[in-house]
$ cat coords-v9.csv   # CSV, C-alpha atoms and all ligand atoms
chain,number,residue,atom,x,y,z
W,1421,MET,CA,-185.9,51.8,102.4
W,1422,SER,CA,-187.3,52.3,105.9
W,1423,TYR,CA,-186.3,55.3,108.0
W,1424,GLN,CA,-184.5,53.0,110.4
W,1425,SER,CA,-182.5,51.4,107.5
W,1426,TRP,CA,-181.6,54.8,106.1
W,1427,HIS,CA,-180.6,56.0,109.6
W,1428,GLU,CA,-178.2,53.1,110.1
W,1429,GLU,CA,-176.8,53.3,106.6
W,1430,HIS,CA,-176.2,57.1,107.0
W,1431,ALA,CA,-174.6,56.6,110.4
W,1432,GLN,CA,-172.0,54.2,108.9
W,1433,LYS,CA,-171.3,56.6,106.0
W,1434,HIS,CA,-171.0,59.6,108.3
W,1435,LYS,CA,-168.6,57.6,110.7
W,1436,LYS,CA,-166.4,56.5,107.8
W,1437,LEU,CA,-166.1,60.1,106.5
W,1438,VAL,CA,-165.4,61.6,109.9
W,1439,GLU,CA,-162.7,59.0,110.3
W,1440,LYS,CA,-161.2,59.8,107.0
W,1441,LEU,CA,-161.1,63.5,108.0
W,1442,SER,CA,-159.7,62.9,111.5
W,1443,HIS,CA,-156.8,65.3,110.8
W,1444,LEU,CA,-159.2,68.2,110.6
W,1445,SER,CA,-160.2,70.4,113.5
W,1446,ASP,CA,-163.8,70.5,114.6
W,1447,GLU,CA,-164.4,73.8,112.8
W,1448,GLU,CA,-162.6,72.5,109.6
W,1449,LEU,CA,-164.7,69.3,109.8
W,1450,ILE,CA,-168.0,71.4,110.0
W,1451,GLN,CA,-166.9,73.5,107.1
W,1452,TYR,CA,-166.0,70.4,105.1
W,1453,PHE,CA,-169.7,69.4,105.3
W,1454,ASP,CA,-170.8,72.6,103.5
W,1455,PHE,CA,-173.2,71.5,100.7
W,1456,ASP,CA,-171.0,72.9,97.9
W,1457,ASN,CA,-167.9,71.3,99.2
W,1458,MET,CA,-169.6,68.0,99.7
W,1459,VAL,CA,-171.0,68.0,96.2
W,1460,GLU,CA,-167.5,68.4,94.8
W,1461,LYS,CA,-165.6,66.1,97.2
W,1462,GLU,CA,-168.1,63.5,98.4
W,1463,PRO,CA,-170.5,63.0,95.5
W,1464,ASP,CA,-171.8,59.6,96.9
W,1465,PHE,CA,-172.6,60.8,100.4
W,1466,CYS,CA,-176.1,62.0,99.5
W,1467,VAL,CA,-178.5,61.3,96.6
W,1468,MET,CA,-179.2,65.0,96.2
W,1469,TYR,CA,-175.5,65.7,95.2
W,1470,ALA,CA,-175.9,64.0,91.9
W,1471,LYS,CA,-178.4,66.7,90.9
W,1472,ASN,CA,-176.5,69.4,92.7
W,1473,LYS,CA,-179.9,70.1,94.4
W,1474,LYS,CA,-180.2,71.3,98.0
W,1475,CYS,CA,-182.9,69.7,100.2
W,1476,HIS,CA,-183.7,73.2,101.5
W,1477,ASP,CA,-183.6,76.6,99.9
W,1478,MET,CA,-180.6,78.1,101.8
W,1479,GLU,CA,-177.6,80.0,100.6
W,1480,THR,CA,-175.3,78.2,103.0
W,1481,LEU,CA,-176.5,74.7,103.8
W,1482,ASN,CA,-174.5,72.4,106.1
W,1483,CYS,CA,-175.0,68.6,105.8
W,1484,TYR,CA,-173.3,67.5,109.0
W,1485,LEU,CA,-176.5,67.0,111.0
W,1486,CYS,CA,-178.7,65.7,108.3
W,1487,ALA,CA,-181.6,63.7,110.0
W,1488,CYS,CA,-181.9,66.4,112.7
W,1489,PRO,CA,-181.4,65.7,116.4
W,1490,ASN,CA,-184.9,67.0,117.1
W,1491,PHE,CA,-186.7,64.5,114.9
W,1492,ARG,CA,-188.6,61.8,116.8
W,1493,VAL,CA,-190.1,58.6,115.4
W,1494,GLY,CA,-192.7,56.7,117.3
W,1495,GLU,CA,-195.1,53.8,116.4
W,1496,LYS,CA,-197.9,55.9,115.0
W,1497,SER,CA,-196.2,59.2,114.2
W,1498,SER,CA,-193.0,61.2,113.8
W,1499,THR,CA,-192.7,64.5,115.5
W,1500,CYS,CA,-190.5,67.5,116.2
W,1501,ASP,CA,-189.2,67.7,119.7
W,1502,ILE,CA,-188.9,71.5,119.6
W,1503,ASN,CA,-192.1,72.0,117.8
W,1504,SER,CA,-190.4,74.1,115.1
W,1505,LYS,CA,-192.6,76.8,113.7
W,1506,ASP,CA,-191.5,75.8,110.3
W,1507,GLY,CA,-192.4,72.2,110.7
W,1508,GLY,CA,-195.6,70.6,109.6
W,1509,SER,CA,-197.3,67.2,109.4
W,1510,ILE,CA,-198.7,64.9,106.7
W,1511,THR,CA,-200.9,61.9,107.4
W,1512,SER,CA,-200.5,58.9,105.1
W,1513,LYS,CA,-203.2,56.5,104.0
W,1514,ASP,CA,-202.3,54.1,106.7
W,1515,GLY,CA,-202.9,56.8,109.4
W,1516,PHE,CA,-199.2,57.4,110.2
W,1517,VAL,CA,-198.6,61.1,110.9
W,1518,HIS,CA,-195.3,62.1,109.4
W,1519,GLN,CA,-193.4,65.1,110.7
W,1520,ASP,CA,-192.8,67.4,107.6
W,1521,CYS,CA,-189.4,69.0,107.8
W,1522,SER,CA,-189.4,70.4,104.3
W,1523,GLY,CA,-189.8,74.0,105.4
W,1524,CYS,CA,-187.4,73.9,108.3
W,1525,THR,CA,-183.7,74.8,108.1
W,1526,VAL,CA,-182.8,74.4,111.8
W,1527,PRO,CA,-180.3,71.4,111.6
W,1528,HIS,CA,-178.6,72.8,108.4
W,1529,LYS,CA,-177.4,76.1,109.9
W,1530,VAL,CA,-173.7,76.2,110.8
W,1531,SER,CA,-174.5,77.8,114.1
W,1532,TYR,CA,-176.7,74.9,115.1
W,1533,VAL,CA,-174.2,72.3,114.0
W,1534,ARG,CA,-171.5,74.1,116.1
W,1535,LYS,CA,-173.8,74.1,119.1
W,1536,ASN,CA,-174.7,70.4,118.8
W,1537,PHE,CA,-171.4,69.1,117.5
W,1538,SER,CA,-170.0,65.7,118.1
W,1539,ARG,CA,-167.8,63.6,115.9
W,1540,ASP,CA,-170.2,60.8,116.8
W,1541,TRP,CA,-173.2,61.4,114.6
W,1542,LYS,CA,-175.1,58.5,116.3
W,1543,GLU,CA,-174.7,60.1,119.7
W,1544,VAL,CA,-176.1,63.4,118.5
W,1545,MET,CA,-179.1,61.5,116.9
W,1546,SER,CA,-179.5,59.2,119.9
W,1547,LYS,CA,-183.0,60.5,120.7
W,1548,ASN,CA,-184.4,60.0,117.2
W,1549,PHE,CA,-186.1,56.8,118.2
W,1550,ASP,CA,-187.3,57.8,121.7
I,1601,LIG,S1,-189.1,70.5,111.9
I,1601,LIG,FE1,-187.0,71.2,111.9
I,1601,LIG,S2,-186.2,71.1,114.0
I,1601,LIG,FE2,-188.1,69.9,113.9
I,1601,LIG,S3,-187.4,67.8,113.4
I,1601,LIG,FE3,-187.8,68.8,111.4
I,1601,LIG,S4,-185.9,69.6,110.8
I,1601,LIG,FE4,-185.7,69.2,113.0
$ encode --input "coords-v9.csv" --output "structure tokens"
Amino acid sequence: MSYQSWHEEHAQKHKKLVEKLSHLSDEELIQYFDFDNMVEKEPDFCVMYAKNKKCHDMETLNCYLCACPNFRVGEKSSTCDINSKDGGSITSKDGFVHQDCSGCTVPHKVSYVRKNFSRDWKEVMSKNFD
């Protein structure tokens, strides 16, 4: 699956879940997206949930802004808009330089989610393809 296809599919899943949870306050909604709660209540939302495995080694991991608003995809590379000190890069055989976010926890922190919150996930991620 291409990144674009995943992005669109995830946007639809996110939208559906936020609509289902429209009775919750913003803070309750953010807390609902806590990894442990999502594993229990939304097992199909992420492939990692089946293995109960976090994508990053964090005690409290929030899944609301998975994808990261700072991620940028261009024709020959993907990059980090804030040049996170915990980011890296990997070049594939075809020469594409991939942003490596495996060591970065920025978008999974509750404080970051609060600061960048919108019920519209696509709006928050609108610069991913700039
Ligand atoms: S390195 Fe961190 S802040 Fe930068 S795009 Fe990746 S997850 Fe986002």
$ residues_near_ligand --input "coords-v9.csv" --ligand "ligand LIG 1601 (chain I)" --cutoff "6 Å" --atoms "all atoms listed in the file" --output "number ranges by chain"
W: 1488, 1490-1491, 1500, 1502-1504, 1507, 1521, 1524, 1526-1527
$ closest_residue --input "coords-v9.csv" --among "W:Glu1448, W:Gln1519, W:Ser1538, W:Ala1487" --to "Gln1424 (chain W)" --atoms "all atoms listed in the file"
W:Ala1487
$ residues_around --input "coords-v9.csv" --residues "Val1533 (chain W)" --least-positions-apart "3" --cutoff "8 Å" --atoms "all atoms listed in the file" --output "VMD selection string"
chain W and resid 1450 1482 1484 to 1485 1527 to 1530 1536 to 1537
$ residues_around --input "coords-v9.csv" --residues "region 1455-1462 of chain W" --least-positions-apart "5" --cutoff "10 Å" --atoms "all atoms listed in the file" --output "PyMOL selection string"
chain W and resi 1437+1468-1475+1478-1484+1528
$ atom_distance --input "coords-v9.csv" --atom1 "CA of His1476 (chain W)" --atom2 "CA of Gly1523 (chain W)"
7.3 Å
$ closest_residue --input "coords-v9.csv" --among "W:Glu1495, W:Lys1542, W:Pro1463, W:His1430" --to "Val1517 (chain W)" --atoms "all atoms listed in the file"
W:Glu1495
$ closest_residue --input "coords-v9.csv" --among "W:Ala1431, W:Ile1510, W:Leu1449, W:Met1545" --to "Phe1465 (chain W)" --atoms "only C-alpha atoms"
W:Ala1431
$ atom_distance --input "coords-v9.csv" --atom1 "CA of Asp1477 (chain W)" --atom2 "CA of Ser1522 (chain W)"
9.6 Å
$ atom_distance --input "coords-v9.csv" --atom1 "CA of Val1493 (chain W)" --atom2 "CA of Glu1439 (chain W)"
27.9 Å
$ closest_residue --input "coords-v9.csv" --among "W:Gly1494, W:Gly1515, W:Gly1508, W:Pro1489" --to "Val1544 (chain W)" --atoms "only C-alpha atoms"
W:Pro1489
$ axis_aligned_box --input "coords-v9.csv" --around "region 1428-1432 of chain W" --padding-each-side "8 Å" --output "JSON"
{"center_x": -175.1, "center_y": 55.1, "center_z": 108.5, "size_x": 22.2, "size_y": 20.0, "size_z": 19.8}
$ decode --input "coords-v9.csv" --residues "region 1483-1533 of chain W" --atoms "N, CA and C atoms" --output "PDB file, in the first residue's frame"
ATOM      1  N   CYS W1483      -2.571   7.866  20.106  1.00  0.00           N
ATOM      2  CA  CYS W1483      -2.652   7.512  18.687  1.00  0.00           C
ATOM      3  C   CYS W1483      -3.417   8.540  17.851  1.00  0.00           C
ATOM      4  N   TYR W1484      -3.892   9.623  18.449  1.00  0.00           N
ATOM      5  CA  TYR W1484      -4.774  10.553  17.719  1.00  0.00           C
ATOM      6  C   TYR W1484      -4.097  11.155  16.492  1.00  0.00           C
ATOM      7  N   LEU W1485      -2.830  11.547  16.623  1.00  0.00           N
ATOM      8  CA  LEU W1485      -2.149  12.205  15.500  1.00  0.00           C
ATOM      9  C   LEU W1485      -1.130  11.305  14.818  1.00  0.00           C
ATOM     10  N   CYS W1486      -1.436  10.009  14.762  1.00  0.00           N
ATOM     11  CA  CYS W1486      -0.599   9.092  13.998  1.00  0.00           C
ATOM     12  C   CYS W1486      -0.520   9.610  12.563  1.00  0.00           C
ATOM     13  N   ALA W1487       0.679   9.592  12.015  1.00  0.00           N
ATOM     14  CA  ALA W1487       1.050  10.117  10.683  1.00  0.00           C
ATOM     15  C   ALA W1487       1.964  11.314  10.892  1.00  0.00           C
ATOM     16  N   CYS W1488       1.647  12.155  11.867  1.00  0.00           N
ATOM     17  CA  CYS W1488       2.437  13.341  12.243  1.00  0.00           C
ATOM     18  C   CYS W1488       2.239  14.533  11.302  1.00  0.00           C
ATOM     19  N   PRO W1489       1.766  15.628  11.848  1.00  0.00           N
ATOM     20  CA  PRO W1489       1.568  16.846  11.046  1.00  0.00           C
ATOM     21  C   PRO W1489       2.874  17.402  10.467  1.00  0.00           C
ATOM     22  N   ASN W1490       4.006  16.995  11.020  1.00  0.00           N
ATOM     23  CA  ASN W1490       5.294  17.528  10.555  1.00  0.00           C
ATOM     24  C   ASN W1490       5.918  16.722   9.413  1.00  0.00           C
ATOM     25  N   PHE W1491       5.303  15.613   9.087  1.00  0.00           N
ATOM     26  CA  PHE W1491       5.832  14.746   8.029  1.00  0.00           C
ATOM     27  C   PHE W1491       5.525  15.357   6.657  1.00  0.00           C
ATOM     28  N   ARG W1492       6.504  15.363   5.780  1.00  0.00           N
ATOM     29  CA  ARG W1492       6.324  15.912   4.429  1.00  0.00           C
ATOM     30  C   ARG W1492       6.751  14.877   3.404  1.00  0.00           C
ATOM     31  N   VAL W1493       5.932  14.717   2.363  1.00  0.00           N
ATOM     32  CA  VAL W1493       6.284  13.777   1.303  1.00  0.00           C
ATOM     33  C   VAL W1493       6.431  14.534  -0.007  1.00  0.00           C
ATOM     34  N   GLY W1494       7.588  14.402  -0.609  1.00  0.00           N
ATOM     35  CA  GLY W1494       7.814  15.025  -1.912  1.00  0.00           C
ATOM     36  C   GLY W1494       8.062  13.958  -2.957  1.00  0.00           C
ATOM     37  N   GLU W1495       8.504  14.376  -4.144  1.00  0.00           N
ATOM     38  CA  GLU W1495       8.717  13.419  -5.239  1.00  0.00           C
ATOM     39  C   GLU W1495       9.919  12.513  -5.012  1.00  0.00           C
ATOM     40  N   LYS W1496      10.990  13.076  -4.420  1.00  0.00           N
ATOM     41  CA  LYS W1496      12.212  12.281  -4.261  1.00  0.00           C
ATOM     42  C   LYS W1496      12.566  11.986  -2.821  1.00  0.00           C
ATOM     43  N   SER W1497      11.809  12.535  -1.905  1.00  0.00           N
ATOM     44  CA  SER W1497      12.134  12.299  -0.499  1.00  0.00           C
ATOM     45  C   SER W1497      10.945  12.611   0.400  1.00  0.00           C
ATOM     46  N   SER W1498      11.028  12.086   1.629  1.00  0.00           N
ATOM     47  CA  SER W1498      10.116  12.534   2.679  1.00  0.00           C
ATOM     48  C   SER W1498      11.005  13.158   3.749  1.00  0.00           C
ATOM     49  N   THR W1499      10.487  14.163   4.421  1.00  0.00           N
ATOM     50  CA  THR W1499      11.301  14.922   5.375  1.00  0.00           C
ATOM     51  C   THR W1499      10.489  15.281   6.618  1.00  0.00           C
ATOM     52  N   CYS W1500      11.184  15.856   7.587  1.00  0.00           N
ATOM     53  CA  CYS W1500      10.539  16.323   8.810  1.00  0.00           C
ATOM     54  C   CYS W1500      10.583  17.850   8.810  1.00  0.00           C
ATOM     55  N   ASP W1501       9.418  18.473   8.882  1.00  0.00           N
ATOM     56  CA  ASP W1501       9.340  19.929   8.771  1.00  0.00           C
ATOM     57  C   ASP W1501       9.999  20.659   9.950  1.00  0.00           C
ATOM     58  N   ILE W1502      10.089  19.988  11.095  1.00  0.00           N
ATOM     59  CA  ILE W1502      10.717  20.640  12.250  1.00  0.00           C
ATOM     60  C   ILE W1502      12.137  20.092  12.478  1.00  0.00           C
ATOM     61  N   ASN W1503      12.580  19.262  11.556  1.00  0.00           N
ATOM     62  CA  ASN W1503      13.926  18.672  11.662  1.00  0.00           C
ATOM     63  C   ASN W1503      14.172  18.101  13.062  1.00  0.00           C
ATOM     64  N   SER W1504      13.276  17.246  13.496  1.00  0.00           N
ATOM     65  CA  SER W1504      13.365  16.659  14.839  1.00  0.00           C
ATOM     66  C   SER W1504      14.730  16.018  15.077  1.00  0.00           C
ATOM     67  N   LYS W1505      15.288  16.270  16.243  1.00  0.00           N
ATOM     68  CA  LYS W1505      16.608  15.699  16.573  1.00  0.00           C
ATOM     69  C   LYS W1505      16.526  14.171  16.664  1.00  0.00           C
ATOM     70  N   ASP W1506      15.334  13.649  16.841  1.00  0.00           N
ATOM     71  CA  ASP W1506      15.182  12.195  16.952  1.00  0.00           C
ATOM     72  C   ASP W1506      14.802  11.526  15.632  1.00  0.00           C
ATOM     73  N   GLY W1507      14.704  12.329  14.576  1.00  0.00           N
ATOM     74  CA  GLY W1507      14.401  11.770  13.264  1.00  0.00           C
ATOM     75  C   GLY W1507      15.679  11.326  12.566  1.00  0.00           C
ATOM     76  N   GLY W1508      15.534  10.615  11.483  1.00  0.00           N
ATOM     77  CA  GLY W1508      16.695  10.170  10.707  1.00  0.00           C
ATOM     78  C   GLY W1508      16.284  10.010   9.261  1.00  0.00           C
ATOM     79  N   SER W1509      17.142   9.389   8.449  1.00  0.00           N
ATOM     80  CA  SER W1509      16.751   9.141   7.064  1.00  0.00           C
ATOM     81  C   SER W1509      17.337   7.836   6.564  1.00  0.00           C
ATOM     82  N   ILE W1510      16.610   7.233   5.654  1.00  0.00           N
ATOM     83  CA  ILE W1510      17.031   5.962   5.051  1.00  0.00           C
ATOM     84  C   ILE W1510      16.850   6.119   3.541  1.00  0.00           C
ATOM     85  N   THR W1511      17.873   5.752   2.779  1.00  0.00           N
ATOM     86  CA  THR W1511      17.743   5.846   1.320  1.00  0.00           C
ATOM     87  C   THR W1511      17.481   4.457   0.750  1.00  0.00           C
ATOM     88  N   SER W1512      16.421   4.344  -0.018  1.00  0.00           N
ATOM     89  CA  SER W1512      16.106   3.036  -0.591  1.00  0.00           C
ATOM     90  C   SER W1512      16.858   2.840  -1.912  1.00  0.00           C
ATOM     91  N   LYS W1513      16.805   1.623  -2.428  1.00  0.00           N
ATOM     92  CA  LYS W1513      17.582   1.269  -3.639  1.00  0.00           C
ATOM     93  C   LYS W1513      17.257   2.180  -4.819  1.00  0.00           C
ATOM     94  N   ASP W1514      16.020   2.628  -4.895  1.00  0.00           N
ATOM     95  CA  ASP W1514      15.630   3.495  -6.018  1.00  0.00           C
ATOM     96  C   ASP W1514      16.049   4.952  -5.805  1.00  0.00           C
ATOM     97  N   GLY W1515      16.744   5.232  -4.693  1.00  0.00           N
ATOM     98  CA  GLY W1515      17.246   6.583  -4.449  1.00  0.00           C
ATOM     99  C   GLY W1515      16.316   7.467  -3.634  1.00  0.00           C
ATOM    100  N   PHE W1516      15.123   6.964  -3.332  1.00  0.00           N
ATOM    101  CA  PHE W1516      14.188   7.774  -2.534  1.00  0.00           C
ATOM    102  C   PHE W1516      14.705   7.872  -1.097  1.00  0.00           C
ATOM    103  N   VAL W1517      14.765   9.088  -0.578  1.00  0.00           N
ATOM    104  CA  VAL W1517      15.234   9.299   0.796  1.00  0.00           C
ATOM    105  C   VAL W1517      14.011   9.378   1.709  1.00  0.00           C
ATOM    106  N   HIS W1518      13.899   8.378   2.593  1.00  0.00           N
ATOM    107  CA  HIS W1518      12.742   8.287   3.477  1.00  0.00           C
ATOM    108  C   HIS W1518      13.040   8.919   4.829  1.00  0.00           C
ATOM    109  N   GLN W1519      12.152   9.743   5.306  1.00  0.00           N
ATOM    110  CA  GLN W1519      12.253  10.236   6.672  1.00  0.00           C
ATOM    111  C   GLN W1519      12.048   9.057   7.622  1.00  0.00           C
ATOM    112  N   ASP W1520      12.954   8.873   8.563  1.00  0.00           N
ATOM    113  CA  ASP W1520      12.835   7.779   9.535  1.00  0.00           C
ATOM    114  C   ASP W1520      12.335   8.352  10.865  1.00  0.00           C
ATOM    115  N   CYS W1521      11.115   8.022  11.204  1.00  0.00           N
ATOM    116  CA  CYS W1521      10.485   8.569  12.419  1.00  0.00           C
ATOM    117  C   CYS W1521      10.508   7.562  13.572  1.00  0.00           C
ATOM    118  N   SER W1522      11.194   6.429  13.369  1.00  0.00           N
ATOM    119  CA  SER W1522      11.107   5.359  14.366  1.00  0.00           C
ATOM    120  C   SER W1522      11.618   5.758  15.749  1.00  0.00           C
ATOM    121  N   GLY W1523      12.526   6.756  15.798  1.00  0.00           N
ATOM    122  CA  GLY W1523      13.059   7.168  17.108  1.00  0.00           C
ATOM    123  C   GLY W1523      12.396   8.411  17.673  1.00  0.00           C
ATOM    124  N   CYS W1524      11.370   8.899  17.015  1.00  0.00           N
ATOM    125  CA  CYS W1524      10.758  10.178  17.408  1.00  0.00           C
ATOM    126  C   CYS W1524       9.371   9.971  18.000  1.00  0.00           C
ATOM    127  N   THR W1525       9.110  10.605  19.131  1.00  0.00           N
ATOM    128  CA  THR W1525       7.822  10.407  19.820  1.00  0.00           C
ATOM    129  C   THR W1525       6.936  11.660  19.777  1.00  0.00           C
ATOM    130  N   VAL W1526       7.389  12.697  19.076  1.00  0.00           N
ATOM    131  CA  VAL W1526       6.690  14.001  19.084  1.00  0.00           C
ATOM    132  C   VAL W1526       5.167  13.903  18.932  1.00  0.00           C
ATOM    133  N   PRO W1527       4.627  13.296  17.853  1.00  0.00           N
ATOM    134  CA  PRO W1527       3.169  13.356  17.654  1.00  0.00           C
ATOM    135  C   PRO W1527       2.369  12.445  18.585  1.00  0.00           C
ATOM    136  N   HIS W1528       3.067  11.618  19.346  1.00  0.00           N
ATOM    137  CA  HIS W1528       2.360  10.683  20.234  1.00  0.00           C
ATOM    138  C   HIS W1528       2.271  11.172  21.677  1.00  0.00           C
ATOM    139  N   LYS W1529       2.768  12.377  21.919  1.00  0.00           N
ATOM    140  CA  LYS W1529       2.677  12.928  23.271  1.00  0.00           C
ATOM    141  C   LYS W1529       1.338  13.644  23.426  1.00  0.00           C
ATOM    142  N   VAL W1530       0.687  13.431  24.560  1.00  0.00           N
ATOM    143  CA  VAL W1530      -0.632  14.039  24.784  1.00  0.00           C
ATOM    144  C   VAL W1530      -0.543  15.569  24.683  1.00  0.00           C
ATOM    145  N   SER W1531       0.519  16.141  25.207  1.00  0.00           N
ATOM    146  CA  SER W1531       0.659  17.608  25.169  1.00  0.00           C
ATOM    147  C   SER W1531       0.699  18.118  23.724  1.00  0.00           C
ATOM    148  N   TYR W1532       1.355  17.362  22.852  1.00  0.00           N
ATOM    149  CA  TYR W1532       1.428  17.752  21.434  1.00  0.00           C
ATOM    150  C   TYR W1532       0.047  17.624  20.779  1.00  0.00           C
ATOM    151  N   VAL W1533      -0.659  16.550  21.118  1.00  0.00           N
ATOM    152  CA  VAL W1533      -1.992  16.336  20.541  1.00  0.00           C
ATOM    153  C   VAL W1533      -2.925  17.477  20.969  1.00  0.00           C
TER     154      VAL W1533
END
